[in-house]
>>> print(open('query.pdb').read())   # PDB, C-alpha atoms
ATOM      1  CA  MET A   1      -5.860   2.543   8.044
ATOM      2  CA  VAL A   2      -3.836   0.249  10.275
ATOM      3  CA  GLU A   3      -6.104  -1.646  12.618
ATOM      4  CA  LYS A   4      -3.454  -3.425  14.644
ATOM      5  CA  ALA A   5       0.300  -3.255  14.986
ATOM      6  CA  ASN A   6       1.868  -4.541  18.192
ATOM      7  CA  GLY A   7       5.471  -3.773  19.106
ATOM      8  CA  VAL A   8       6.471  -7.418  18.836
ATOM      9  CA  CYS A   9       5.073  -9.293  15.894
ATOM     10  CA  MET A  10       5.180 -13.066  16.361
ATOM     11  CA  SER A  11       1.821 -14.179  14.963
ATOM     12  CA  ALA A  12       1.723 -17.643  13.403
ATOM     13  CA  PRO A  13      -0.370 -18.333  10.277
ATOM     14  CA  THR A  14      -3.708 -20.086  10.570
ATOM     15  CA  ASP A  15      -6.025 -21.622   8.001
ATOM     16  CA  LYS A  16      -9.220 -20.396   9.686
ATOM     17  CA  PRO A  17     -10.814 -17.542   7.668
ATOM     18  CA  ASP A  18     -12.963 -14.878   9.265
ATOM     19  CA  PRO A  19     -16.294 -14.820   7.358
ATOM     20  CA  ASP A  20     -16.846 -11.164   8.283
ATOM     21  CA  GLU A  21     -13.735  -9.910   6.518
ATOM     22  CA  GLY A  22     -15.004 -10.420   2.953
ATOM     23  CA  ALA A  23     -13.299 -11.726  -0.143
ATOM     24  CA  THR A  24      -9.942 -10.420  -1.334
ATOM     25  CA  MET A  25     -10.266  -7.864  -4.138
ATOM     26  CA  VAL A  26      -8.171  -8.714  -7.178
ATOM     27  CA  ARG A  27      -6.118  -5.758  -8.415
ATOM     28  CA  GLU A  28      -3.539  -5.169 -11.122
ATOM     29  CA  ARG A  29       0.015  -5.063  -9.800
ATOM     30  CA  HIS A  30       2.025  -1.865  -9.666
ATOM     31  CA  ALA A  31       5.267  -1.401 -11.617
ATOM     32  CA  GLY A  32       8.383  -3.135 -10.343
ATOM     33  CA  HIS A  33      11.251  -1.734  -8.309
ATOM     34  CA  GLY A  34      15.034  -1.947  -8.363
ATOM     35  CA  VAL A  35      17.442  -4.548  -7.027
ATOM     36  CA  ALA A  36      18.646  -4.174  -3.434
ATOM     37  CA  ASP A  37      22.066  -4.155  -1.779
ATOM     38  CA  PRO A  38      23.237  -7.063   0.430
ATOM     39  CA  THR A  39      21.857  -7.192   3.975
ATOM     40  CA  ASP A  40      23.864  -6.722   7.171
ATOM     41  CA  HIS A  41      22.451  -9.627   9.187
ATOM     42  CA  ALA A  42      23.909  -8.282  12.440
ATOM     43  CA  SER A  43      21.711  -5.155  12.391
ATOM     44  CA  PRO A  44      18.073  -4.891  13.548
ATOM     45  CA  ALA A  45      15.500  -5.503  10.826
ATOM     46  CA  PHE A  46      12.556  -3.207  10.133
ATOM     47  CA  ILE A  47       9.616  -3.423   7.757
ATOM     48  CA  GLN A  48       8.525  -0.020   6.504
ATOM     49  CA  PHE A  49       5.145   0.459   4.789
ATOM     50  CA  VAL A  50       5.833   2.827   1.888
ATOM     51  CA  GLU A  51       2.677   2.447  -0.204
ATOM     52  CA  GLY A  52      -0.961   1.599   0.482
ATOM     53  CA  PRO A  53      -3.364   2.278   3.367
ATOM     54  CA  ALA A  54      -0.708   1.578   6.015
ATOM     55  CA  THR A  55       1.867   4.020   4.586
ATOM     56  CA  GLY A  56       4.023   5.401   7.403
ATOM     57  CA  LEU A  57       3.907   2.328   9.647
ATOM     58  CA  ILE A  58       7.304   1.056  10.819
ATOM     59  CA  GLN A  59       7.653  -2.293  12.596
ATOM     60  CA  GLN A  60      10.844  -3.761  14.026
ATOM     61  CA  LEU A  61      10.984  -7.517  13.498
ATOM     62  CA  GLU A  62      11.691  -9.805  16.431
ATOM     63  CA  VAL A  63      13.069 -13.330  16.111
ATOM     64  CA  GLY A  64      10.201 -15.495  14.916
ATOM     65  CA  SER A  65       7.193 -15.000  12.681
ATOM     66  CA  CYS A  66       5.410 -11.791  11.695
ATOM     67  CA  VAL A  67       2.334 -12.324   9.519
ATOM     68  CA  VAL A  68       0.958  -9.365   7.562
ATOM     69  CA  GLY A  69      -2.569  -9.510   6.164
ATOM     70  CA  ARG A  70      -6.093  -8.137   6.144
ATOM     71  CA  GLY A  71      -7.556 -10.568   8.663
ATOM     72  CA  SER A  72      -7.780 -10.328  12.427
ATOM     73  CA  THR A  73      -5.440 -13.312  12.847
ATOM     74  CA  ALA A  74      -2.485 -11.476  11.262
ATOM     75  CA  GLY A  75       0.224 -10.002  13.473
ATOM     76  CA  ILE A  76      -0.046  -6.740  11.523
ATOM     77  CA  THR A  77      -3.469  -6.048  10.049
ATOM     78  CA  VAL A  78      -3.839  -3.618   7.134
ATOM     79  CA  ASP A  79      -7.102  -2.273   5.738
ATOM     80  CA  ASP A  80      -6.387  -3.225   2.119
ATOM     81  CA  ARG A  81      -8.909  -5.338   0.211
ATOM     82  CA  THR A  82      -6.210  -6.413  -2.284
ATOM     83  CA  VAL A  83      -4.318  -8.105   0.560
ATOM     84  CA  SER A  84      -5.299 -11.606   1.656
ATOM     85  CA  ARG A  85      -6.351 -12.307   5.242
ATOM     86  CA  GLU A  86      -2.917 -13.815   5.872
ATOM     87  CA  HIS A  87      -0.794 -12.673   2.946
ATOM     88  CA  VAL A  88       2.894 -12.957   3.864
ATOM     89  CA  ASP A  89       5.061 -14.078   6.754
ATOM     90  CA  PHE A  90       8.278 -12.221   7.597
ATOM     91  CA  VAL A  91      10.447 -14.705   9.495
ATOM     92  CA  LEU A  92      13.520 -13.397  11.336
ATOM     93  CA  GLY A  93      15.921 -16.208  12.206
ATOM     94  CA  GLU A  94      18.390 -16.453  15.058
ATOM     95  CA  ASP A  95      21.084 -15.900  12.415
ATOM     96  CA  GLY A  96      19.628 -12.476  11.610
ATOM     97  CA  VAL A  97      18.390 -13.493   8.172
ATOM     98  CA  VAL A  98      14.884 -12.347   7.183
ATOM     99  CA  ARG A  99      12.952 -14.796   5.033
ATOM    100  CA  LEU A 100       9.664 -14.029   3.301
ATOM    101  CA  VAL A 101       6.971 -16.670   2.837
ATOM    102  CA  ASP A 102       3.886 -16.169   0.662
ATOM    103  CA  LEU A 103       0.919 -17.733   2.469
ATOM    104  CA  GLY A 104      -1.044 -18.611  -0.664
ATOM    105  CA  ALA A 105      -2.163 -15.026  -1.274
ATOM    106  CA  LYS A 106      -4.725 -14.530  -4.053
ATOM    107  CA  ASN A 107      -2.834 -11.606  -5.615
ATOM    108  CA  GLY A 108       0.553 -13.181  -5.025
ATOM    109  CA  THR A 109       3.666 -11.632  -3.486
ATOM    110  CA  TYR A 110       6.383  -9.828  -5.449
ATOM    111  CA  VAL A 111       9.908  -8.879  -4.391
ATOM    112  CA  ASN A 112      11.513  -6.254  -6.625
ATOM    113  CA  ALA A 113       8.907  -7.024  -9.331
ATOM    114  CA  SER A 114       9.501 -10.804  -9.326
ATOM    115  CA  ARG A 115       6.811 -13.113  -7.997
ATOM    116  CA  VAL A 116       8.014 -15.311  -5.136
ATOM    117  CA  ASP A 117       6.732 -18.104  -2.908
ATOM    118  CA  ARG A 118       9.598 -17.773  -0.446
ATOM    119  CA  THR A 119      12.896 -15.930  -0.492
ATOM    120  CA  MET A 120      15.583 -14.339   1.652
ATOM    121  CA  LEU A 121      15.235 -10.556   1.903
ATOM    122  CA  ARG A 122      18.084  -8.071   1.612
ATOM    123  CA  GLU A 123      18.524  -4.407   2.522
ATOM    124  CA  GLY A 124      16.133  -2.243   0.513
ATOM    125  CA  ASP A 125      14.065  -5.081  -0.967
ATOM    126  CA  LEU A 126      10.511  -4.006  -1.794
ATOM    127  CA  VAL A 127       7.742  -6.490  -1.053
ATOM    128  CA  GLU A 128       4.581  -5.862  -3.056
ATOM    129  CA  MET A 129       1.324  -7.384  -1.832
ATOM    130  CA  GLY A 130      -1.727  -6.053  -3.634
ATOM    131  CA  ASP A 131      -1.769  -2.264  -3.259
ATOM    132  CA  THR A 132       0.536  -2.410  -0.228
ATOM    133  CA  VAL A 133       4.319  -2.098  -0.612
ATOM    134  CA  ILE A 134       6.737  -2.835   2.238
ATOM    135  CA  ARG A 135      10.481  -2.150   2.352
ATOM    136  CA  LEU A 136      12.895  -4.218   4.409
ATOM    137  CA  THR A 137      15.643  -2.090   5.916
ATOM    138  CA  ARG A 138      18.430  -2.538   8.435
ATOM    139  CA  ARG A 139      18.675   1.207   8.950
ATOM    140  CA  ARG A 140      16.206   2.614  11.458
ATOM    141  CA  PRO A 141      13.731   4.475   9.214
ATOM    142  CA  ASP A 142      13.088   8.177   9.686
ATOM    143  CA  ALA A 143       9.335   8.551   9.432
ATOM    144  CA  ASN A 144       9.633  12.284   8.816
ATOM    145  CA  SER A 145      11.978  12.094   5.834
ATOM    146  CA  ALA A 146      12.476   8.804   3.988
ATOM    147  CA  ILE A 147       8.863   7.672   4.254
ATOM    148  CA  ALA A 148       7.596  11.125   3.378
ATOM    149  CA  ARG A 149       9.681  11.192   0.201
ATOM    150  CA  GLU A 150       8.620   7.675  -0.770
ATOM    151  CA  SER A 151       5.000   8.464   0.032
ATOM    152  CA  LYS A 152       5.036  11.584  -2.152
ATOM    153  CA  ALA A 153       6.570   9.743  -5.094
ATOM    154  CA  SER A 154       4.161   6.812  -4.781
ATOM    155  CA  SER A 155       1.100   9.034  -4.396
ATOM    156  CA  ARG A 156       2.099  11.207  -7.334
ATOM    157  CA  SER A 157       2.687   8.139  -9.510
ATOM    158  CA  LEU A 158      -0.753   6.772  -8.670
ATOM    159  CA  LEU A 159      -2.532  10.030  -9.453
ATOM    160  CA  LEU A 160      -0.670  10.761 -12.665
ATOM    161  CA  ALA A 161      -1.623   7.295 -13.931
ATOM    162  CA  LEU A 162      -5.268   8.447 -14.095
ATOM    163  CA  SER A 163      -6.790   9.506 -17.399
ATOM    164  CA  PRO A 164      -6.790  13.231 -18.310
ATOM    165  CA  ARG A 165     -10.547  13.441 -17.653
ATOM    166  CA  GLN A 166     -10.191  11.685 -14.296
ATOM    167  CA  LEU A 167      -7.436  14.129 -13.326
ATOM    168  CA  GLU A 168      -9.736  17.032 -14.187
ATOM    169  CA  VAL A 169     -12.409  15.570 -11.903
ATOM    170  CA  VAL A 170      -9.850  14.963  -9.135
ATOM    171  CA  LYS A 171      -8.611  18.554  -9.290
ATOM    172  CA  LEU A 172     -12.118  20.031  -9.128
ATOM    173  CA  VAL A 173     -13.153  17.762  -6.257
ATOM    174  CA  ALA A 174      -9.941  18.624  -4.387
ATOM    175  CA  ASP A 175     -10.838  22.300  -4.881
ATOM    176  CA  GLY A 176     -14.083  21.629  -3.035
ATOM    177  CA  LEU A 177     -16.574  21.595  -5.912
ATOM    178  CA  SER A 178     -19.678  19.439  -5.610
ATOM    179  CA  ASN A 179     -20.435  16.816  -8.255
ATOM    180  CA  ALA A 180     -22.971  19.171  -9.811
ATOM    181  CA  LYS A 181     -20.536  22.119  -9.938
ATOM    182  CA  ALA A 182     -17.745  19.927 -11.274
ATOM    183  CA  GLY A 183     -20.123  18.641 -13.948
ATOM    184  CA  GLN A 184     -21.065  22.172 -14.980
ATOM    185  CA  THR A 185     -17.390  23.147 -15.242
ATOM    186  CA  LEU A 186     -16.574  20.109 -17.391
ATOM    187  CA  HIS A 187     -19.876  20.229 -19.317
ATOM    188  CA  ILE A 188     -20.886  16.749 -18.188
ATOM    189  CA  SER A 189     -23.695  15.522 -15.931
ATOM    190  CA  HIS A 190     -23.299  15.132 -12.182
ATOM    191  CA  ARG A 191     -24.001  11.395 -12.657
ATOM    192  CA  THR A 192     -20.990  11.179 -14.992
ATOM    193  CA  VAL A 193     -18.879  12.918 -12.353
ATOM    194  CA  SER A 194     -20.112  10.397  -9.776
ATOM    195  CA  THR A 195     -19.177   7.529 -12.083
ATOM    196  CA  HIS A 196     -15.722   9.003 -12.637
ATOM    197  CA  LEU A 197     -15.246   9.315  -8.871
ATOM    198  CA  GLU A 198     -16.288   5.702  -8.307
ATOM    199  CA  HIS A 199     -13.667   4.554 -10.808
ATOM    200  CA  ILE A 200     -11.062   6.907  -9.334
ATOM    201  CA  TYR A 201     -11.705   5.722  -5.767
ATOM    202  CA  ASP A 202     -11.530   2.098  -6.889
ATOM    203  CA  ARG A 203      -8.288   2.616  -8.783
ATOM    204  CA  LEU A 204      -6.615   4.556  -5.971
ATOM    205  CA  GLY A 205      -7.893   2.256  -3.232
ATOM    206  CA  ILE A 206      -9.645   5.058  -1.321
ATOM    207  CA  ARG A 207     -13.227   5.650  -0.216
ATOM    208  CA  SER A 208     -13.938   9.342   0.151
ATOM    209  CA  ARG A 209     -13.219  12.926  -0.915
ATOM    210  CA  VAL A 210     -11.261  13.449   2.285
ATOM    211  CA  GLU A 211      -8.891  10.601   1.399
ATOM    212  CA  LEU A 212      -8.604  11.961  -2.142
ATOM    213  CA  VAL A 213      -7.587  15.400  -0.898
ATOM    214  CA  LYS A 214      -5.049  13.840   1.484
ATOM    215  CA  LEU A 215      -3.589  11.838  -1.393
ATOM    216  CA  MET A 216      -3.399  14.960  -3.573
ATOM    217  CA  SER A 217      -1.688  16.856  -0.763
ATOM    218  CA  ARG A 218       0.762  14.013  -0.111
ATOM    219  CA  ALA A 219       1.619  13.938  -3.824
ATOM    220  CA  GLY A 220       2.223  17.692  -3.875
ATOM    221  CA  LEU A 221      -0.443  18.175  -6.544
ATOM    222  CA  LEU A 222      -2.607  20.638  -4.655
ATOM    223  CA  GLU A 223       0.094  23.258  -4.955
ATOM    224  CA  ASP A 224       1.460  22.657  -8.444
ATOM    225  CA  GLY A 225      -1.515  21.098 -10.251
ATOM    226  CA  ALA A 226      -1.658  17.766 -12.024
ATOM    227  CA  SER A 227       0.759  18.616 -14.820
TER     228      SER A 227
END
>>> encode(input="query.pdb", output="C-alpha cells")
Amino acid sequence: MVEKANGVCMSAPTDKPDPDEGATMVRERHAGHGVADPTDHASPAFIQFVEGPATGLIQQLEVGSCVVGRGSTAGITVDDRTVSREHVDFVLGEDGVVRLVDLGAKNGTYVNASRVDRTMLREGDLVEMGDTVIRLTRRRPDANSAIARESKASSRSLLLALSPRQLEVVKLVADGLSNAKAGQTLHISHRTVSTHLEHIYDRLGIRSRVELVKLMSRAGLLEDGAS
C-alpha cells in the first residue's frame, strides 16, 4: 500500500527516526536484472514501481530531491518493512541527469543487481530496495500495459519460488478452503497449514488471504494453476 505520493517529490533526507514506524525487516535480495540503455537527459524522468507493495505507482521526478522510504519523512512512502525509513534519494539535476544516493539503508540499494552507494541512472535501470523494485524510465509509462506485464512476471516468479508443499497450500487457500479443509485435503493438521501460511506470507511480503488471492490473480495462476 502506498501511504503518500505527492505530484512533486522534493523531500530532503533527515536523520530523525520515527519511533512508531518499527525496525526495518532484513530480507534476502531478489535476483538481478539486465543492463540498461543510455538515458536521454532531455526527456522527463519517471520512477515506476514494478515490484513490491507499491507496484503500479508512477512518479514523475522534478528537479531536486525525491526520497523514497518507509518513514513519514520520505517524499514517497511505501508500506514495505524491508525498506528503510529513508532508503534512497532520486536526485534530478538541472542537466537532466538522475543520480541515485543510498541513504545508509539497512538492506542496501542495488542497481541492475550491483550494490551501490551512489550512481547515475540510465533508461531502464532497475533499483532494488528490499522487496521493492523501481524502474527509471524516460518514456511515459503506460500503467495498463507495461506495468501489468512486469507485475505479472514478478508475481509469478515470487510464487513459483515457493516450495511444492507451500504452492499446494496457496492453491487451496486461493480456492477458498479454510485451514481445516486444506489440512484434510493435504492430510496435515490445520496448525501445519497455519504455519505454512505464516511462512508464505512472510516470504511474499503480504499479510492476508485477500492479498494472496490478488497476487495469484496478478500472476495468472488462478486460471492455469501453479505448474
>>> residues_around(input="query.pdb", residues="segment 206-215 of chain A", least_positions_apart="5", cutoff="8 Å", atoms="all atoms listed in the file", output="PyMOL selection string")
chain A and resi 155+170+173-174+201
>>> residues_around(input="query.pdb", residues="segment 179-194 of chain A", least_positions_apart="6", cutoff="10 Å", atoms="only C-alpha atoms", output="PyMOL selection string")
chain A and resi 165-166+168-173+200
>>> resolve_selection(input="query.pdb", expression="the PyMOL selection byres ((chain A and resi 43) around 8)", output="list in words")
Asp40, His41, Ala42, Pro44, Ala45, Gly96, Arg138 and Arg139 of chain A
>>> atom_distance(input="query.pdb", atom1="atom CA of Met120 of chain A", atom2="atom CA of Asp80 of chain A")
24.6 Å
>>> atom_distance(input="query.pdb", atom1="atom CA of Leu103 of chain A", atom2="atom CA of Glu86 of chain A")
6.5 Å
>>> atom_distance(input="query.pdb", atom1="atom CA of Gly71 of chain A", atom2="atom CA of Asp102 of chain A")
15.0 Å
>>> closest_residue(input="query.pdb", among="A:Val63, A:Ala161, A:Leu167, A:Val98", to="Glu123 of chain A", atoms="only C-alpha atoms")
A:Val98
>>> residues_around(input="query.pdb", residues="Leu136 of chain A", least_positions_apart="6", cutoff="9 Å", atoms="only C-alpha atoms", output="CSV table (one decimal) with C-alpha atoms, in the frame of the given file")
chain,number,residue,atom,x,y,z
A,45,ALA,CA,15.5,-5.5,10.8
A,46,PHE,CA,12.6,-3.2,10.1
A,47,ILE,CA,9.6,-3.4,7.8
A,48,GLN,CA,8.5,0.0,6.5
A,98,VAL,CA,14.9,-12.3,7.2
A,121,LEU,CA,15.2,-10.6,1.9
A,122,ARG,CA,18.1,-8.1,1.6
A,123,GLU,CA,18.5,-4.4,2.5
A,124,GLY,CA,16.1,-2.2,0.5
A,125,ASP,CA,14.1,-5.1,-1.0
A,126,LEU,CA,10.5,-4.0,-1.8
A,127,VAL,CA,7.7,-6.5,-1.1
>>> closest_atom_pairs(input="query.pdb", of="segment 39-120 of chain A", to="segment 128-133 of chain A", cutoff="7 Å", atoms="all atoms listed in the file", output="tab-separated table")
residue	atom	partner	partner_atom	distance
A:Phe49	CA	A:Val133	CA	6.0
A:Val50	CA	A:Val133	CA	5.7
A:Glu51	CA	A:Val133	CA	4.8
A:Gly52	CA	A:Thr132	CA	4.3
A:Thr82	CA	A:Gly130	CA	4.7
A:Val83	CA	A:Gly130	CA	5.3
A:Asn107	CA	A:Gly130	CA	6.0
A:Gly108	CA	A:Met129	CA	6.7
A:Thr109	CA	A:Met129	CA	5.1
A:Tyr110	CA	A:Glu128	CA	5.0
A:Val111	CA	A:Glu128	CA	6.3
>>> resolve_selection(input="query.pdb", expression="the PyMOL selection byres ((chain A and resi 64) around 7)", output="list in words")
Met10, Glu62, Val63, Ser65, Cys66, Val91, Leu92 and Gly93 of chain A
>>> closest_residue(input="query.pdb", among="A:Arg135, A:Arg99, A:Arg156, A:Lys106", to="Arg118 of chain A", atoms="only C-alpha atoms")
A:Arg99
>>> closest_residue(input="query.pdb", among="A:Ser163, A:Thr119, A:Ser217, A:Asn112", to="Ile134 of chain A", atoms="all atoms listed in the file")
A:Asn112
>>> decode(input="query.pdb", residues="segment 157-180 of chain A", atoms="N, CA and C atoms", output="short mmCIF file (atom, residue, chain, number, x, y, z; two decimals), in the first residue's frame")
data_model
loop_
_atom_site.label_atom_id
_atom_site.label_comp_id
_atom_site.auth_asym_id
_atom_site.auth_seq_id
_atom_site.Cartn_x
_atom_site.Cartn_y
_atom_site.Cartn_z
N SER A 157 7.01 -15.08 -10.59
CA SER A 157 8.34 -15.50 -10.14
C SER A 157 8.37 -15.70 -8.63
N LEU A 158 7.75 -14.81 -7.90
CA LEU A 158 7.69 -14.92 -6.44
C LEU A 158 6.97 -16.19 -6.01
N LEU A 159 5.82 -16.44 -6.61
CA LEU A 159 5.01 -17.59 -6.22
C LEU A 159 5.67 -18.91 -6.59
N LEU A 160 6.26 -18.97 -7.77
CA LEU A 160 6.86 -20.22 -8.22
C LEU A 160 8.17 -20.52 -7.50
N ALA A 161 8.65 -19.56 -6.70
CA ALA A 161 9.85 -19.80 -5.88
C ALA A 161 9.50 -20.50 -4.57
N LEU A 162 8.19 -20.64 -4.28
CA LEU A 162 7.76 -21.35 -3.07
C LEU A 162 8.02 -22.84 -3.23
N SER A 163 8.02 -23.54 -2.11
CA SER A 163 8.21 -24.99 -2.15
C SER A 163 6.95 -25.65 -2.71
N PRO A 164 7.05 -26.89 -3.21
CA PRO A 164 5.88 -27.59 -3.73
C PRO A 164 4.74 -27.67 -2.72
N ARG A 165 5.06 -27.94 -1.45
CA ARG A 165 4.02 -28.01 -0.42
C ARG A 165 3.39 -26.64 -0.20
N GLN A 166 4.20 -25.60 -0.17
CA GLN A 166 3.66 -24.25 0.01
C GLN A 166 2.75 -23.88 -1.15
N LEU A 167 3.10 -24.28 -2.37
CA LEU A 167 2.25 -24.00 -3.52
C LEU A 167 0.92 -24.73 -3.42
N GLU A 168 0.95 -25.94 -2.89
CA GLU A 168 -0.30 -26.68 -2.68
C GLU A 168 -1.20 -25.93 -1.71
N VAL A 169 -0.61 -25.43 -0.63
CA VAL A 169 -1.38 -24.67 0.37
C VAL A 169 -1.94 -23.39 -0.26
N VAL A 170 -1.10 -22.70 -1.03
CA VAL A 170 -1.52 -21.45 -1.69
C VAL A 170 -2.71 -21.70 -2.60
N LYS A 171 -2.65 -22.77 -3.39
CA LYS A 171 -3.72 -23.06 -4.34
C LYS A 171 -5.03 -23.35 -3.61
N LEU A 172 -4.97 -24.13 -2.54
CA LEU A 172 -6.18 -24.46 -1.79
C LEU A 172 -6.77 -23.24 -1.10
N VAL A 173 -5.91 -22.40 -0.54
CA VAL A 173 -6.39 -21.18 0.12
C VAL A 173 -7.01 -20.24 -0.92
N ALA A 174 -6.37 -20.13 -2.09
CA ALA A 174 -6.92 -19.29 -3.16
C ALA A 174 -8.26 -19.80 -3.65
N ASP A 175 -8.48 -21.13 -3.52
CA ASP A 175 -9.76 -21.72 -3.91
C ASP A 175 -10.83 -21.52 -2.83
N GLY A 176 -10.44 -20.91 -1.72
CA GLY A 176 -11.41 -20.59 -0.68
C GLY A 176 -11.52 -21.58 0.46
N LEU A 177 -10.64 -22.58 0.51
CA LEU A 177 -10.70 -23.57 1.58
C LEU A 177 -10.19 -22.98 2.90
N SER A 178 -10.81 -23.37 3.98
CA SER A 178 -10.33 -22.97 5.31
C SER A 178 -9.06 -23.74 5.63
N ASN A 179 -8.39 -23.36 6.70
CA ASN A 179 -7.17 -24.08 7.11
C ASN A 179 -7.48 -25.54 7.41
N ALA A 180 -8.63 -25.77 8.04
CA ALA A 180 -9.02 -27.13 8.40
C ALA A 180 -9.28 -27.97 7.14
#
